[in-house]
>>> print(open('entry.txt').read())   # compact mmCIF, C-alpha atoms
# COMPACT_ATOMS: atom_id res chain seq x y z
CA MET J 1 79.86 119.20 0.92
CA ALA J 2 83.33 118.17 -0.10
CA THR J 3 84.96 120.61 -2.46
CA THR J 4 86.36 119.31 -5.69
CA THR J 5 90.10 119.76 -6.10
CA SER J 6 91.49 121.72 -9.00
CA ASP J 7 93.36 118.66 -10.31
CA THR J 8 90.17 116.60 -10.29
CA LEU J 9 88.35 119.33 -12.21
CA VAL J 10 91.15 119.55 -14.77
CA GLN J 11 91.12 115.76 -15.26
CA ALA J 12 87.33 115.71 -15.60
CA ALA J 13 87.44 118.64 -18.04
CA GLU J 14 90.00 116.80 -20.15
CA ARG J 15 88.08 113.53 -20.05
CA PHE J 16 84.48 114.67 -20.43
CA LEU J 17 84.61 118.10 -22.08
CA ASP J 18 87.73 117.78 -24.27
CA LYS J 19 89.11 120.88 -22.52
CA GLY J 20 92.78 119.89 -22.39
CA GLY J 21 94.45 123.28 -22.24
CA THR J 22 91.54 125.69 -22.38
CA PRO J 23 90.08 127.09 -19.16
CA LEU J 24 86.56 126.22 -18.07
CA ASP J 25 83.88 128.88 -18.06
CA ALA J 26 81.83 129.38 -14.89
CA ARG J 27 78.91 127.30 -16.14
CA GLU J 28 81.09 124.33 -17.14
CA ARG J 29 82.93 124.49 -13.83
CA HIS J 30 79.60 124.56 -11.94
CA VAL J 31 78.27 121.56 -13.88
CA LEU J 32 81.49 119.54 -13.41
CA GLU J 33 81.53 120.28 -9.67
CA LYS J 34 77.92 119.13 -9.35
CA ALA J 35 78.60 115.98 -11.39
CA LEU J 36 81.76 115.05 -9.49
CA SER J 37 80.14 115.62 -6.09
CA ARG J 38 77.01 113.68 -7.15
CA GLN J 39 74.68 116.61 -6.45
CA THR J 40 71.53 117.49 -8.35
CA LEU J 41 71.56 120.42 -10.73
CA ALA J 42 67.87 120.61 -11.58
CA GLN J 43 65.80 123.47 -10.22
CA ASP J 44 62.47 125.09 -10.99
CA THR J 45 63.68 128.00 -13.10
CA SER J 46 60.21 129.53 -13.37
CA GLU J 47 59.91 129.75 -9.61
CA ALA J 48 63.44 131.15 -9.24
CA PHE J 49 62.76 133.73 -11.96
CA ASP J 50 59.41 134.83 -10.52
CA GLU J 51 60.84 135.21 -6.99
CA ASP J 52 63.04 138.09 -8.17
CA ALA J 53 60.22 139.97 -9.94
CA SER J 54 59.48 143.51 -8.80
CA PHE J 55 55.96 144.83 -8.28
CA GLY J 56 56.02 146.54 -11.70
CA GLN J 57 57.13 143.34 -13.42
CA ARG J 58 54.40 141.30 -11.74
CA LEU J 59 51.87 144.01 -12.69
CA ALA J 60 53.05 143.94 -16.33
CA ASP J 61 52.68 140.15 -16.37
CA GLY J 62 49.19 140.41 -14.89
CA VAL J 63 48.06 143.10 -17.37
CA ALA J 64 49.47 141.10 -20.31
CA SER J 65 47.83 137.93 -19.02
CA PHE J 66 44.43 139.59 -18.58
CA GLY J 67 44.75 141.68 -21.79
CA GLY J 68 45.33 138.53 -23.82
CA SER J 69 42.41 136.56 -22.44
CA TRP J 70 38.90 135.81 -23.68
CA THR J 71 37.54 137.37 -20.51
CA PHE J 72 39.09 140.71 -21.45
CA LEU J 73 37.85 140.48 -25.05
CA ILE J 74 34.30 139.66 -24.02
CA LEU J 75 34.14 142.31 -21.28
CA PHE J 76 35.73 144.93 -23.54
CA GLY J 77 33.33 144.05 -26.38
CA LEU J 78 30.35 144.32 -24.03
CA MET J 79 31.60 147.66 -22.71
CA LEU J 80 32.02 149.03 -26.24
CA LEU J 81 28.58 147.78 -27.23
CA ALA J 82 27.04 149.40 -24.12
CA TRP J 83 28.85 152.69 -24.83
CA VAL J 84 27.69 152.81 -28.43
CA ALA J 85 24.13 151.72 -27.58
CA SER J 86 23.75 154.24 -24.74
CA ASN J 87 25.06 157.11 -26.88
CA LEU J 88 22.82 156.14 -29.80
CA TRP J 89 19.79 155.79 -27.54
CA LEU J 90 20.29 159.17 -25.89
CA ALA J 91 20.92 160.73 -29.34
CA ASP J 92 20.71 164.52 -28.75
CA GLY J 93 21.73 164.47 -25.05
CA ALA J 94 24.48 161.86 -25.49
CA PRO J 95 27.84 162.67 -23.86
CA ASP J 96 29.68 161.16 -26.88
CA PRO J 97 27.42 161.30 -29.96
CA TYR J 98 28.22 159.54 -33.21
CA PRO J 99 31.13 159.30 -34.45
CA PHE J 100 32.15 158.63 -30.82
CA ILE J 101 35.25 160.84 -30.71
CA PHE J 102 35.66 160.49 -26.93
CA LEU J 103 35.50 156.67 -27.25
CA ASN J 104 38.24 156.84 -29.90
CA LEU J 105 40.37 158.94 -27.52
CA ILE J 106 39.88 156.44 -24.68
CA LEU J 107 40.71 153.50 -26.96
CA SER J 108 43.86 155.27 -28.23
CA MET J 109 45.03 156.00 -24.68
CA LEU J 110 44.31 152.43 -23.63
CA ALA J 111 46.33 151.09 -26.57
CA ALA J 112 49.15 153.56 -25.85
CA VAL J 113 49.42 152.33 -22.26
CA GLN J 114 48.70 148.65 -22.84
CA ALA J 115 51.23 148.12 -25.66
CA PRO J 116 54.37 149.03 -23.64
CA VAL J 117 53.12 147.02 -20.67
CA ILE J 118 52.66 143.98 -22.90
CA MET J 119 56.13 144.59 -24.39
CA MET J 120 57.62 144.64 -20.87
CA SER J 121 55.95 141.34 -20.13
CA GLN J 122 57.21 139.85 -23.40
CA ASN J 123 60.75 141.02 -22.59
CA ARG J 124 60.48 139.31 -19.20
CA GLN J 125 59.21 136.17 -20.90
CA SER J 126 62.19 136.27 -23.28
CA ALA J 127 64.57 136.61 -20.32
CA LYS J 128 62.79 133.72 -18.60
CA ASP J 129 63.10 131.60 -21.76
CA ARG J 130 66.84 132.36 -21.91
CA LEU J 131 67.20 131.30 -18.27
CA VAL J 132 65.29 128.07 -18.91
CA SER J 133 67.37 127.39 -22.02
CA SER J 134 70.61 127.98 -20.11
CA HIS J 135 69.48 125.68 -17.32
CA ASP J 136 68.45 123.00 -19.83
CA TYR J 137 71.93 123.21 -21.35
CA GLU J 138 73.52 122.72 -17.93
CA CYS J 139 71.28 119.72 -17.17
CA ASN J 140 72.02 118.18 -20.56
CA LEU J 141 75.76 118.72 -20.09
CA LYS J 142 75.63 117.08 -16.66
CA ALA J 143 73.64 114.17 -18.09
CA GLU J 144 76.27 113.69 -20.81
CA ILE J 145 79.04 113.75 -18.21
CA GLU J 146 77.19 111.21 -16.06
CA ILE J 147 76.61 108.95 -19.08
CA MET J 148 80.30 109.13 -20.03
CA ALA J 149 81.24 108.32 -16.43
CA LEU J 150 78.89 105.31 -16.50
CA HIS J 151 80.49 104.15 -19.75
CA ASP J 152 83.90 104.39 -18.09
CA LYS J 153 82.68 102.33 -15.13
CA ILE J 154 81.16 99.69 -17.38
CA ASP J 155 84.35 99.54 -19.48
CA GLN J 156 86.41 99.16 -16.31
CA MET J 157 84.13 96.37 -15.04
CA ARG J 158 84.36 94.60 -18.40
CA ASN J 159 88.14 94.90 -18.41
CA ASP J 160 88.33 93.55 -14.85
CA ASP J 161 86.10 90.63 -15.82
CA LEU J 162 88.27 89.90 -18.88
CA ARG J 163 91.44 89.99 -16.75
CA GLN J 164 89.86 87.57 -14.27
CA LEU J 165 88.72 85.31 -17.11
CA LEU J 166 92.20 85.32 -18.66
CA ALA J 167 93.78 84.56 -15.28
CA LYS J 168 91.40 81.61 -14.79
CA GLN J 169 92.11 80.38 -18.29
CA GLN J 170 95.87 80.59 -17.66
CA GLU J 171 95.36 78.69 -14.42
CA GLN J 172 93.31 76.02 -16.22
CA ILE J 173 95.89 75.76 -19.01
CA ALA J 174 98.61 75.33 -16.39
CA LEU J 175 96.58 72.62 -14.65
CA LEU J 176 95.88 70.87 -17.96
CA THR J 177 99.55 71.13 -18.90
CA ASP J 178 100.55 69.59 -15.56
CA LEU J 179 97.93 66.91 -16.01
CA VAL J 180 99.14 66.08 -19.52
CA ARG J 181 102.78 66.05 -18.37
CA GLY J 182 101.88 63.86 -15.41
CA ARG J 183 100.16 61.34 -17.68
CA GLY J 184 103.03 61.49 -20.12
CA ALA J 185 105.46 60.76 -17.28
CA GLU J 186 103.28 57.91 -16.00
CA GLN J 187 103.08 56.36 -19.45
CA SER J 188 106.82 56.62 -20.08
CA GLY J 189 107.48 55.18 -16.58
CA THR J 190 105.17 52.17 -17.14
CA SER J 191 106.56 51.31 -20.56
>>> encode(input="entry.txt", output="structure tokens")
Amino acid sequence: MATTTSDTLVQAAERFLDKGGTPLDARERHVLEKALSRQTLAQDTSEAFDEDASFGQRLADGVASFGGSWTFLILFGLMLLAWVASNLWLADGAPDPYPFIFLNLILSMLAAVQAPVIMMSQNRQSAKDRLVSSHDYECNLKAEIEIMALHDKIDQMRNDDLRQLLAKQQEQIALLTDLVRGRGAEQSGTS
């Protein structure tokens, strides 16, 4: 890969980003380098983000995913129903008779553990959203730079075509002028 010179970056920053005297930040520099070297910028940010996840982060995501599913709600509802039914059916010999104090303790502990795990997963999702947003900004900036560069090329082509057209017109005018002068000379010579 050919590296982009500092002068080229400065010129591109002035032209495309209106950064005449102000320095480029790392993201703008990265985007300009990619645009000038005609390299792609797009990447799968979800895959890149998930590759760096630790075991605990993947576990938190899995718990949050399962804890927020219909499967969990149905299984948990069935388990609660079975607990209550078995303790009501056994009545006097029930390990957790009505008002189900042990069940309340288990539910409280489950909520106490599950809530922070879900919060960790939500924090990771927020960080992932910020990464995606940042990458979208970079892709949009590169697209704008590419569009401006295409406009410049089209303007240059149009200007070249106009110059060629004007040159041809000047040539034709010169030929017509010579033709008119030649006829004028012929007519004055025959009179």
>>> atom_distance(input="entry.txt", atom1="CA of Phe100 in chain J", atom2="CA of Trp70 in chain J")
24.8 Å
>>> closest_residue(input="entry.txt", among="J:Leu131, J:Val117, J:Ala111, J:Leu166", to="Arg58 in chain J", atoms="all atoms listed in the file")
J:Val117
>>> closest_atom_pairs(input="entry.txt", of="range 9-100 of chain J", to="range 120-124 of chain J", cutoff="10 Å", atoms="all atoms listed in the file", output="JSON lines")
{"residue": "J:Phe49", "atom": "CA", "partner": "J:Arg124", "partner_atom": "CA", "distance": 9.4}
{"residue": "J:Asp50", "atom": "CA", "partner": "J:Arg124", "partner_atom": "CA", "distance": 9.8}
{"residue": "J:Ala53", "atom": "CA", "partner": "J:Arg124", "partner_atom": "CA", "distance": 9.3}
{"residue": "J:Gly56", "atom": "CA", "partner": "J:Met120", "partner_atom": "CA", "distance": 9.5}
{"residue": "J:Gln57", "atom": "CA", "partner": "J:Ser121", "partner_atom": "CA", "distance": 7.1}
{"residue": "J:Arg58", "atom": "CA", "partner": "J:Ser121", "partner_atom": "CA", "distance": 8.5}
{"residue": "J:Leu59", "atom": "CA", "partner": "J:Ser121", "partner_atom": "CA", "distance": 8.9}
{"residue": "J:Ala60", "atom": "CA", "partner": "J:Ser121", "partner_atom": "CA", "distance": 5.4}
{"residue": "J:Asp61", "atom": "CA", "partner": "J:Ser121", "partner_atom": "CA", "distance": 5.1}
{"residue": "J:Gly62", "atom": "CA", "partner": "J:Ser121", "partner_atom": "CA", "distance": 8.6}
{"residue": "J:Val63", "atom": "CA", "partner": "J:Ser121", "partner_atom": "CA", "distance": 8.5}
{"residue": "J:Ala64", "atom": "CA", "partner": "J:Ser121", "partner_atom": "CA", "distance": 6.5}
{"residue": "J:Ser65", "atom": "CA", "partner": "J:Ser121", "partner_atom": "CA", "distance": 8.9}
>>> closest_atom_pairs(input="entry.txt", of="range 101-160 of chain J", to="range 75-91 of chain J", cutoff="12 Å", atoms="only C-alpha atoms", output="JSON lines")
{"residue": "J:Ile101", "atom": "CA", "partner": "J:Val84", "partner_atom": "CA", "distance": 11.3}
{"residue": "J:Phe102", "atom": "CA", "partner": "J:Trp83", "partner_atom": "CA", "distance": 10.6}
{"residue": "J:Leu103", "atom": "CA", "partner": "J:Trp83", "partner_atom": "CA", "distance": 8.1}
{"residue": "J:Asn104", "atom": "CA", "partner": "J:Leu80", "partner_atom": "CA", "distance": 10.6}
{"residue": "J:Ile106", "atom": "CA", "partner": "J:Leu80", "partner_atom": "CA", "distance": 10.9}
{"residue": "J:Leu107", "atom": "CA", "partner": "J:Leu80", "partner_atom": "CA", "distance": 9.8}
{"residue": "J:Leu110", "atom": "CA", "partner": "J:Phe76", "partner_atom": "CA", "distance": 11.4}
>>> residues_around(input="entry.txt", residues="Lys34 in chain J", least_positions_apart="3", cutoff="12 Å", atoms="all atoms listed in the file", output="PDB file with C-alpha atoms, keeping the file's coordinate frame")
ATOM      1  CA  MET J   1      79.860 119.200   0.920  1.00  0.00           C
ATOM      2  CA  ALA J   2      83.330 118.170  -0.100  1.00  0.00           C
ATOM      3  CA  THR J   3      84.960 120.610  -2.460  1.00  0.00           C
ATOM      4  CA  THR J   4      86.360 119.310  -5.690  1.00  0.00           C
ATOM      5  CA  LEU J   9      88.350 119.330 -12.210  1.00  0.00           C
ATOM      6  CA  ALA J  12      87.330 115.710 -15.600  1.00  0.00           C
ATOM      7  CA  ARG J  27      78.910 127.300 -16.140  1.00  0.00           C
ATOM      8  CA  GLU J  28      81.090 124.330 -17.140  1.00  0.00           C
ATOM      9  CA  ARG J  29      82.930 124.490 -13.830  1.00  0.00           C
ATOM     10  CA  HIS J  30      79.600 124.560 -11.940  1.00  0.00           C
ATOM     11  CA  VAL J  31      78.270 121.560 -13.880  1.00  0.00           C
ATOM     12  CA  SER J  37      80.140 115.620  -6.090  1.00  0.00           C
ATOM     13  CA  ARG J  38      77.010 113.680  -7.150  1.00  0.00           C
ATOM     14  CA  GLN J  39      74.680 116.610  -6.450  1.00  0.00           C
ATOM     15  CA  THR J  40      71.530 117.490  -8.350  1.00  0.00           C
ATOM     16  CA  LEU J  41      71.560 120.420 -10.730  1.00  0.00           C
ATOM     17  CA  ALA J  42      67.870 120.610 -11.580  1.00  0.00           C
ATOM     18  CA  GLU J 138      73.520 122.720 -17.930  1.00  0.00           C
ATOM     19  CA  CYS J 139      71.280 119.720 -17.170  1.00  0.00           C
ATOM     20  CA  LEU J 141      75.760 118.720 -20.090  1.00  0.00           C
ATOM     21  CA  LYS J 142      75.630 117.080 -16.660  1.00  0.00           C
ATOM     22  CA  ALA J 143      73.640 114.170 -18.090  1.00  0.00           C
ATOM     23  CA  ILE J 145      79.040 113.750 -18.210  1.00  0.00           C
ATOM     24  CA  GLU J 146      77.190 111.210 -16.060  1.00  0.00           C
TER      25      GLU J 146
END
>>> atom_distance(input="entry.txt", atom1="CA of Leu165 in chain J", atom2="CA of Arg183 in chain J")
26.6 Å
>>> axis_aligned_box(input="entry.txt", around="range 159-174 of chain J", padding_each_side="3 Å", output="JSON")
{"center_x": 92.4, "center_y": 85.1, "center_z": -16.6, "size_x": 18.5, "size_y": 25.6, "size_z": 10.7}
>>> closest_residue(input="entry.txt", among="J:Ser133, J:Gln164, J:Gly182, J:Phe66", to="Ile118 in chain J", atoms="only C-alpha atoms")
J:Phe66
>>> closest_residue(input="entry.txt", among="J:Leu179, J:Thr45, J:Ala115, J:Arg130", to="Gly67 in chain J", atoms="only C-alpha atoms")
J:Ala115
>>> residues_around(input="entry.txt", residues="range 147-152 of chain J", least_positions_apart="6", cutoff="12 Å", atoms="all atoms listed in the file", output="list in words")
Ala12, Arg15, Phe16, Leu17, Leu32, Ala35, Leu36, Arg38, Asn140, Leu141, Arg158 and Asn159 of chain J
>>> atom_distance(input="entry.txt", atom1="CA of Leu24 in chain J", atom2="CA of Asp44 in chain J")
25.1 Å
